[in-house]
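Novice: Sending over run_34.cif (mmCIF, C-alpha atoms).
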```cif
data_target
#
loop_
_atom_site.label_atom_id
_atom_site.label_comp_id
_atom_site.auth_asym_id
_atom_site.auth_seq_id
_atom_site.Cartn_x
_atom_site.Cartn_y
_atom_site.Cartn_z
CA MET J 1 -6.47 11.33 298.09
CA VAL J 2 -7.88 12.62 294.81
CA ASP J 3 -9.10 10.53 291.89
CA ILE J 4 -9.24 12.20 288.47
CA ILE J 5 -11.01 10.56 285.53
CA HIS J 6 -10.50 11.95 282.02
CA SER J 7 -13.26 11.09 279.52
CA LEU J 8 -13.96 12.04 275.91
CA LEU J 9 -17.60 11.62 274.89
CA CYS J 10 -18.66 10.68 271.39
CA PRO J 11 -20.44 13.60 269.70
CA GLY J 12 -24.10 13.85 270.71
CA ASN J 13 -23.78 11.75 273.87
CA TRP J 14 -23.82 14.58 276.42
CA LEU J 15 -27.54 14.13 277.20
CA LYS J 16 -26.99 10.40 277.83
CA TYR J 17 -23.99 10.99 280.08
CA GLN J 18 -24.61 10.23 283.74
CA ASP J 19 -22.50 12.33 286.05
CA PRO J 20 -20.43 9.75 287.96
CA ALA J 21 -20.42 11.98 291.04
CA ASP J 22 -24.21 11.59 291.21
CA THR J 23 -23.87 7.85 291.77
CA ILE J 24 -21.71 8.04 294.88
CA SER J 25 -22.55 11.27 296.66
CA GLY J 26 -22.88 10.57 300.36
CA ILE J 27 -23.19 6.79 300.12
CA GLN J 28 -19.62 5.47 300.06
CA LYS J 29 -17.29 5.14 303.01
CA GLY J 30 -14.48 7.67 302.70
CA TYR J 31 -16.09 9.75 299.94
CA ILE J 32 -15.65 13.46 300.64
CA THR J 33 -16.67 15.37 297.52
CA GLY J 34 -16.79 15.25 293.74
CA GLU J 35 -17.25 17.46 290.75
CA THR J 36 -17.49 17.08 286.99
CA LEU J 37 -15.85 19.62 284.68
CA ARG J 38 -16.43 20.04 280.95
CA ASP J 39 -13.71 21.49 278.74
CA TYR J 40 -14.78 24.97 277.62
CA GLU J 41 -13.14 24.62 274.19
CA ASN J 42 -14.02 20.93 273.67
CA PRO J 43 -17.41 20.13 275.26
CA SER J 44 -16.90 16.41 274.63
CA ALA J 45 -13.96 16.33 277.07
CA HIS J 46 -14.76 15.83 280.75
CA ILE J 47 -12.84 15.48 283.97
CA VAL J 48 -14.39 13.98 287.09
CA ILE J 49 -12.58 14.85 290.31
CA SER J 50 -13.46 13.01 293.49
CA THR J 51 -11.81 13.38 296.87
CA TRP J 52 -11.53 10.43 299.26
CA GLU J 53 -10.22 9.95 302.77
CA SER J 54 -7.84 7.22 301.60
CA VAL J 55 -6.68 5.18 298.62
CA GLU J 56 -8.19 2.13 300.33
CA ASP J 57 -11.65 3.77 300.34
CA TRP J 58 -11.35 4.60 296.62
CA THR J 59 -10.11 1.08 295.81
CA THR J 60 -13.02 -0.49 297.68
CA TRP J 61 -15.48 1.71 295.76
CA SER J 62 -13.74 1.22 292.42
CA ASN J 63 -14.14 -2.57 292.68
CA LYS J 64 -17.83 -2.56 293.67
CA GLU J 65 -20.31 -3.98 291.18
CA GLU J 66 -22.43 -0.81 291.35
CA ARG J 67 -19.51 1.34 290.21
CA LEU J 68 -18.45 -1.14 287.53
CA GLN J 69 -21.98 -1.09 286.06
CA VAL J 70 -22.07 2.72 285.96
CA GLN J 71 -18.57 2.85 284.46
CA SER J 72 -19.56 0.32 281.78
CA LYS J 73 -22.50 2.50 280.72
CA ILE J 74 -20.26 5.58 280.61
CA GLU J 75 -17.54 3.81 278.61
CA ALA J 76 -20.12 2.96 275.92
CA LEU J 77 -20.56 6.71 275.34
CA LEU J 78 -16.85 7.48 274.94
CA THR J 79 -14.51 7.66 271.98
CA GLU J 80 -11.78 5.92 274.01
CA PRO J 81 -11.52 4.35 277.47
CA SER J 82 -11.47 6.71 280.45
CA LYS J 83 -8.09 7.48 281.95
CA ILE J 84 -8.03 7.25 285.74
CA LYS J 85 -5.22 8.76 287.82
CA ILE J 86 -4.85 8.83 291.59
CA TYR J 87 -3.21 11.85 293.22
CA GLU J 88 -2.08 12.50 296.76
CA LEU J 89 -3.27 15.79 298.21
CA ILE J 90 -0.23 17.69 299.44
CA GLY J 91 -1.68 21.13 300.03
CA VAL J 92 -4.83 23.23 300.05
CA ARG J 93 -5.04 26.98 299.71
CA LEU J 94 -8.14 28.68 301.07
CA ASP J 95 -8.10 32.46 300.66
#
```
How does the structure come out when it is put into structure tokens?
Specialist:
Amino acid sequence: MVDIIHSLLCPGNWLKYQDPADTISGIQKGYITGETLRDYENPSAHIVISTWESVEDWTTWSNKEERLQVQSKIEALLTEPSKIKIYELIGVRLD
């Protein structure tokens, strides 16, 4: 299961932005990996991609107070609320 969070930072907030992947790496049940991408043409736009063993593991993490506190701090830096989408992994290509 893959969670994708789309965020748009207010101008000048990049240095205050805490990479959400840094807050969960290796400490949450079911967490596999995560990465943060910044739009090349619009450096204020970010996508955080995290991979989880199951939707249940993501849901448990997403409702934890620790995550809610981090998300609240991030939301204060954004021009609009983050958009979170959950995707099911249906294939991987490794060449």
Novice: Compare J:Val48, J:Val70, J:Val55, J:Leu89 by their minimum atom-to-atom distance to Ile4 of chain J, counting all atoms listed in the file, and give me the closest one.
Specialist: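 Using all atoms listed in the file, Ile4 of chain J sits closest to J:Val48.
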Novice: Neighbouring residues of segment 28-40 of chain J were defined as those with any atom within 8 Å, considering all atoms listed in the file; residues of the same chain fewer than 5 positions away were excluded. Please report them as a ChimeraX atom specification.
Specialist: /J:19-21,45-54,57-58,61
Novice: Can you give me, as a PyMOL selection string, the residues this file yields under the PyMOL selection byres ((chain J and resi 80-84) around 8)?
Specialist: chain J and resi 3-8+75+78-79+85-86
Novice: Store the residues of this selection in a file with C-alpha atoms, as a compact mmCIF listing (two decimals), keeping the file's coordinate frame.
Specialist:
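Full text of result-v8.txt as output:
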```
# COMPACT_ATOMS: atom_id res chain seq x y z
CA ASP J 3 -9.10 10.53 291.89
CA ILE J 4 -9.24 12.20 288.47
CA ILE J 5 -11.01 10.56 285.53
CA HIS J 6 -10.50 11.95 282.02
CA SER J 7 -13.26 11.09 279.52
CA LEU J 8 -13.96 12.04 275.91
CA GLU J 75 -17.54 3.81 278.61
CA LEU J 78 -16.85 7.48 274.94
CA THR J 79 -14.51 7.66 271.98
CA LYS J 85 -5.22 8.76 287.82
CA ILE J 86 -4.85 8.83 291.59
```
Novice: Report the distance between atom CA of Lys73 of chain J and atom CA of Pro11 of chain J in Å, rounded to one decimal place.
Specialist: 15.8 Å
Novice: Quick one, how far is atom CA of Met1 of chain J from atom CA of Thr59 of chain J?
Specialist: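 Computing the Euclidean distance for atom CA of Met1 of chain J and atom CA of Thr59 of chain J yields 11.1 Å.
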Novice: Hey, can you check how far atom CA of Ser72 of chain J sits from atom CA of Gly12 of chain J?
Specialist: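 It comes out at 18.1 Å.
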Novice: Which is closer to Pro43 of chain J than all the others in J:Val2, J:Leu77, J:Leu68, J:Cys10, using only C-alpha atoms?
Specialist: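 Of the candidates, the smallest distance to Pro43 of chain J is held by J:Cys10.
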